[in-house]
Structure formats: C-alpha cells, structure tokens
Amino acid sequence: MDSALPDVVQALAPRLRAGLDRLELADTGLDAALLAYLALLLQWNRAYNLTAIRDPQAMLGKHLFDSLAIHRHLHEGERLIDIGSGAGLPAIPLALARPDLRYTLVETAGKKARFLREAVRTLGLGERVRVLSARAEEVPEAGLHDGLTARALGTLRQLIAFGGHLLHPGGRLLAMKGQPPLEELADLPEGWRHLATHPLQVPELDAERCLCIVEALS
C-alpha cells in the first residue's frame, strides 16, 4: 500500500478487495491503481466539483464498482470512446482493469478535461488512453470506434444523436442504466437495433443497474 495515500483511502482497501473479488477482478493487481485514482479524485473534487458524491466510502459502490461491473461485456482489444466522461467514469476504472482496451475520453468542461489528463498521466495510461476536450457531436472520428460507453448521460436516442457517428457498422453503444429502458428501446432511430440488456450486480450498491447494448447497423 502506498503510504502517501490519505488514511481514509487506505482504510478502504479491504472493502475494495472484497468488491473486486465479487466482480472476478481480485487477481488483476488493480487495488493500488484504483486507490490512487480514488485519492486523486478526492483531491481534485474539492476544487473542481467533479462529482456530487464526496464520501470516499460511497464512491466505492457508486463509482468504482459500478464502472467495473460492465468489464466482462467488453470485447478483447476494442477501441472504445466514452462521451460525457466527467470524472472518468466508467472509462478510467475500465482502462485500469482491461489493459487490452484503447480508450478515448470526451469531455466538454475544461476543468474536468484537465483532471482527466492528470489522471491518465498519474496512472500511467498515456499509451492507450487519450482525452479530447470537445462536444461528442463535434468529434471528427466517424466510424473509427468499436464501442461507445456512456453513464447517466441521456436517453438512448440522445446518446445516438451525440455520438452514434463515432461507431462503425456493427459497433456497439454500451449504455449504463438503472432499470431496463423499455420506452427508450421502443424509440430507437432507424439503423440501430437492441442486442441485449444485462442486469448488473454491483457490490455495495443497493440499486437496480443494467447495461443496455445497442448495435449500429450502418
């Protein structure tokens, strides 16, 4: 354990290990990197208001475990893009857990983008994670990505309008939701189809969560 970490973060190590075990990530050596990310998030959150959740204990379930809960639904070697990245959730925990992935984080707010760049640098993710300070709909990378992740950002139709152009045909929108979004699925635009909705079991989170996967047909 890094002795430079705040005591409140170091104290979370046993609960972090237990949650990673439930997510089948206990043998990946993630502990130190996730605690370092959490410490950085707490430090920057005091000045930049990156997330409304300020209690590090609550961040375990609502941020770290919630983000990592979709790791088994990502394909090996995917090029992913995350829109509305905010504090880097779910992208940074996933990038730490899955070194086979390449990730682009898109964030419009300059302060949040600065935090994301510092997190990428501090955590040694620079070779496969980059940060773009831009609106998702203005990113000029049409058709270059295998998957698009989004967490608590908008309806499926809105997510497709914001970032659907970034996926190639066959690419997947991976939208993290609470309850299955049945009305949103019934309102998908032409050229998109529902592939699956997976219930998620998130350690330390007493709330319904699911991953809704929608495929770009063209």
# chains A, B, ... in the order shown; residues from 1 in each chain; ligands from 1

call {"tool": "residues_around", "arguments": {"residues": "stretch 160-166 of chain A", "least_positions_apart": "4", "cutoff": "9 Å", "atoms": "only C-alpha atoms", "output": "number ranges by chain"}}
result
A: 81, 83, 135-148, 155-156, 171, 173, 188-189, 192, 216

call {"tool": "write_last_selection", "arguments": {"atoms": "C-alpha atoms", "output": "mmCIF file, in the first residue's frame"}}
result
data_model
loop_
_atom_site.group_PDB
_atom_site.id
_atom_site.type_symbol
_atom_site.label_atom_id
_atom_site.label_comp_id
_atom_site.auth_asym_id
_atom_site.auth_seq_id
_atom_site.Cartn_x
_atom_site.Cartn_y
_atom_site.Cartn_z
ATOM 1 C CA ILE A 81 -14.884 6.055 -26.790
ATOM 2 C CA ILE A 83 -18.740 10.578 -24.029
ATOM 3 C CA ARG A 135 -18.548 18.081 -27.623
ATOM 4 C CA ALA A 136 -19.171 14.486 -28.654
ATOM 5 C CA GLU A 137 -21.114 15.504 -31.765
ATOM 6 C CA GLU A 138 -18.126 17.565 -32.940
ATOM 7 C CA VAL A 139 -15.510 14.795 -32.646
ATOM 8 C CA PRO A 140 -14.306 14.171 -36.239
ATOM 9 C CA GLU A 141 -13.736 10.433 -35.893
ATOM 10 C CA ALA A 142 -16.757 8.980 -37.651
ATOM 11 C CA GLY A 143 -16.769 5.211 -37.836
ATOM 12 C CA LEU A 144 -13.448 4.710 -36.032
ATOM 13 C CA HIS A 145 -14.632 3.073 -32.809
ATOM 14 C CA ASP A 146 -15.839 -0.387 -31.827
ATOM 15 C CA GLY A 147 -17.782 0.704 -28.783
ATOM 16 C CA LEU A 148 -19.213 3.812 -27.161
ATOM 17 C CA THR A 155 -31.683 8.594 -23.380
ATOM 18 C CA LEU A 156 -30.577 6.041 -25.945
ATOM 19 C CA GLY A 171 -20.180 -1.055 -33.362
ATOM 20 C CA LEU A 173 -23.437 1.567 -27.802
ATOM 21 C CA LEU A 188 -34.558 3.675 -31.272
ATOM 22 C CA PRO A 189 -33.866 5.536 -34.526
ATOM 23 C CA TRP A 192 -29.981 0.747 -34.740
ATOM 24 C CA ALA A 216 -25.153 0.353 -35.202
#

call {"tool": "residues_around", "arguments": {"residues": "A:Ala47", "least_positions_apart": "4", "cutoff": "10 Å", "atoms": "only C-alpha atoms", "output": "PyMOL selection string"}}
result
chain A and resi 42-43+111

call {"tool": "select_by_dssp", "arguments": {"residues": "stretch 125-202 of chain A", "states": "strand (DSSP E)", "output": "PyMOL selection string"}}
result
chain A and resi 129-132+145-151+167-177+192-200

call {"tool": "select_by_dssp", "arguments": {"residues": "stretch 7-155 of chain A", "states": "alpha helix (DSSP H)", "output": "PDB file with C-alpha atoms, in the first residue's frame"}}
result
ATOM      1  CA  ASP A   7      -5.735   7.429   5.552  1.00  0.00           C
ATOM      2  CA  VAL A   8      -9.378   7.497   4.516  1.00  0.00           C
ATOM      3  CA  VAL A   9      -8.437   5.942   1.167  1.00  0.00           C
ATOM      4  CA  GLN A  10      -6.063   3.371   2.617  1.00  0.00           C
ATOM      5  CA  ALA A  13      -8.518  -1.399   0.847  1.00  0.00           C
ATOM      6  CA  PRO A  14     -10.269  -4.446   2.411  1.00  0.00           C
ATOM      7  CA  ARG A  15     -13.676  -3.431   1.048  1.00  0.00           C
ATOM      8  CA  LEU A  16     -12.150  -2.713  -2.342  1.00  0.00           C
ATOM      9  CA  ARG A  17     -10.569  -6.165  -2.431  1.00  0.00           C
ATOM     10  CA  ALA A  18     -13.867  -7.812  -1.437  1.00  0.00           C
ATOM     11  CA  GLY A  19     -15.750  -5.954  -4.184  1.00  0.00           C
ATOM     12  CA  LEU A  20     -13.147  -6.827  -6.813  1.00  0.00           C
ATOM     13  CA  ASP A  21     -13.431 -10.463  -5.774  1.00  0.00           C
ATOM     14  CA  ARG A  22     -17.191 -10.367  -6.389  1.00  0.00           C
ATOM     15  CA  ASP A  31      -6.091  -2.432  -5.911  1.00  0.00           C
ATOM     16  CA  ALA A  32      -3.238   0.068  -5.821  1.00  0.00           C
ATOM     17  CA  ALA A  33      -4.204   1.756  -9.088  1.00  0.00           C
ATOM     18  CA  LEU A  34      -7.857   2.149  -8.096  1.00  0.00           C
ATOM     19  CA  LEU A  35      -6.931   3.567  -4.692  1.00  0.00           C
ATOM     20  CA  ALA A  36      -4.560   6.036  -6.368  1.00  0.00           C
ATOM     21  CA  TYR A  37      -7.347   7.088  -8.737  1.00  0.00           C
ATOM     22  CA  LEU A  38      -9.759   7.492  -5.826  1.00  0.00           C
ATOM     23  CA  ALA A  39      -7.236   9.625  -3.916  1.00  0.00           C
ATOM     24  CA  LEU A  40      -6.723  11.843  -6.966  1.00  0.00           C
ATOM     25  CA  LEU A  41     -10.464  12.167  -7.450  1.00  0.00           C
ATOM     26  CA  LEU A  42     -10.957  13.218  -3.835  1.00  0.00           C
ATOM     27  CA  GLN A  43      -8.147  15.773  -4.070  1.00  0.00           C
ATOM     28  CA  TRP A  44      -9.417  17.402  -7.258  1.00  0.00           C
ATOM     29  CA  ASN A  45     -13.058  17.193  -6.270  1.00  0.00           C
ATOM     30  CA  ARG A  46     -12.500  19.746  -3.509  1.00  0.00           C
ATOM     31  CA  ALA A  47     -11.725  22.450  -6.067  1.00  0.00           C
ATOM     32  CA  TYR A  48     -13.319  21.277  -9.320  1.00  0.00           C
ATOM     33  CA  PRO A  56     -14.971   8.066  -0.422  1.00  0.00           C
ATOM     34  CA  GLN A  57     -16.876   5.126   1.070  1.00  0.00           C
ATOM     35  CA  ALA A  58     -19.872   5.875  -1.171  1.00  0.00           C
ATOM     36  CA  MET A  59     -17.541   6.250  -4.153  1.00  0.00           C
ATOM     37  CA  ASP A  66     -20.500   0.472 -10.806  1.00  0.00           C
ATOM     38  CA  SER A  67     -17.992   1.279 -13.564  1.00  0.00           C
ATOM     39  CA  LEU A  68     -16.208  -2.062 -13.322  1.00  0.00           C
ATOM     40  CA  ALA A  91     -13.619   4.720 -18.588  1.00  0.00           C
ATOM     41  CA  ILE A  92     -10.672   5.070 -16.204  1.00  0.00           C
ATOM     42  CA  PRO A  93     -11.549   2.124 -13.921  1.00  0.00           C
ATOM     43  CA  LEU A  94     -12.208   0.011 -17.028  1.00  0.00           C
ATOM     44  CA  ALA A  95      -8.938   1.060 -18.646  1.00  0.00           C
ATOM     45  CA  LEU A  96      -7.108   0.083 -15.454  1.00  0.00           C
ATOM     46  CA  ALA A  97      -8.880  -3.285 -15.318  1.00  0.00           C
ATOM     47  CA  GLY A 110     -12.292  22.294 -19.428  1.00  0.00           C
ATOM     48  CA  LYS A 111     -11.720  21.697 -15.713  1.00  0.00           C
ATOM     49  CA  LYS A 112     -12.895  18.101 -15.951  1.00  0.00           C
ATOM     50  CA  ALA A 113     -10.770  17.521 -19.046  1.00  0.00           C
ATOM     51  CA  ARG A 114      -7.744  18.806 -17.128  1.00  0.00           C
ATOM     52  CA  PHE A 115      -8.462  16.338 -14.345  1.00  0.00           C
ATOM     53  CA  LEU A 116      -8.795  13.504 -16.849  1.00  0.00           C
ATOM     54  CA  ARG A 117      -5.426  14.333 -18.417  1.00  0.00           C
ATOM     55  CA  GLU A 118      -3.802  14.418 -14.965  1.00  0.00           C
ATOM     56  CA  ALA A 119      -5.386  11.076 -14.056  1.00  0.00           C
ATOM     57  CA  VAL A 120      -4.178   9.498 -17.308  1.00  0.00           C
ATOM     58  CA  ARG A 121      -0.660  10.817 -16.646  1.00  0.00           C
ATOM     59  CA  THR A 122      -0.551   9.864 -12.959  1.00  0.00           C
TER      60      THR A 122
END

call {"tool": "residues_around", "arguments": {"residues": "A:His198", "least_positions_apart": "4", "cutoff": "12 Å", "atoms": "only C-alpha atoms", "output": "PyMOL selection string"}}
result
chain A and resi 69-70+72-73+174-181+194+208-214

call {"tool": "closest_residue", "arguments": {"among": "A:Leu30, A:Ala109, A:Leu125, A:Leu185", "to": "A:Asn49", "atoms": "only C-alpha atoms"}}
result
A:Ala109
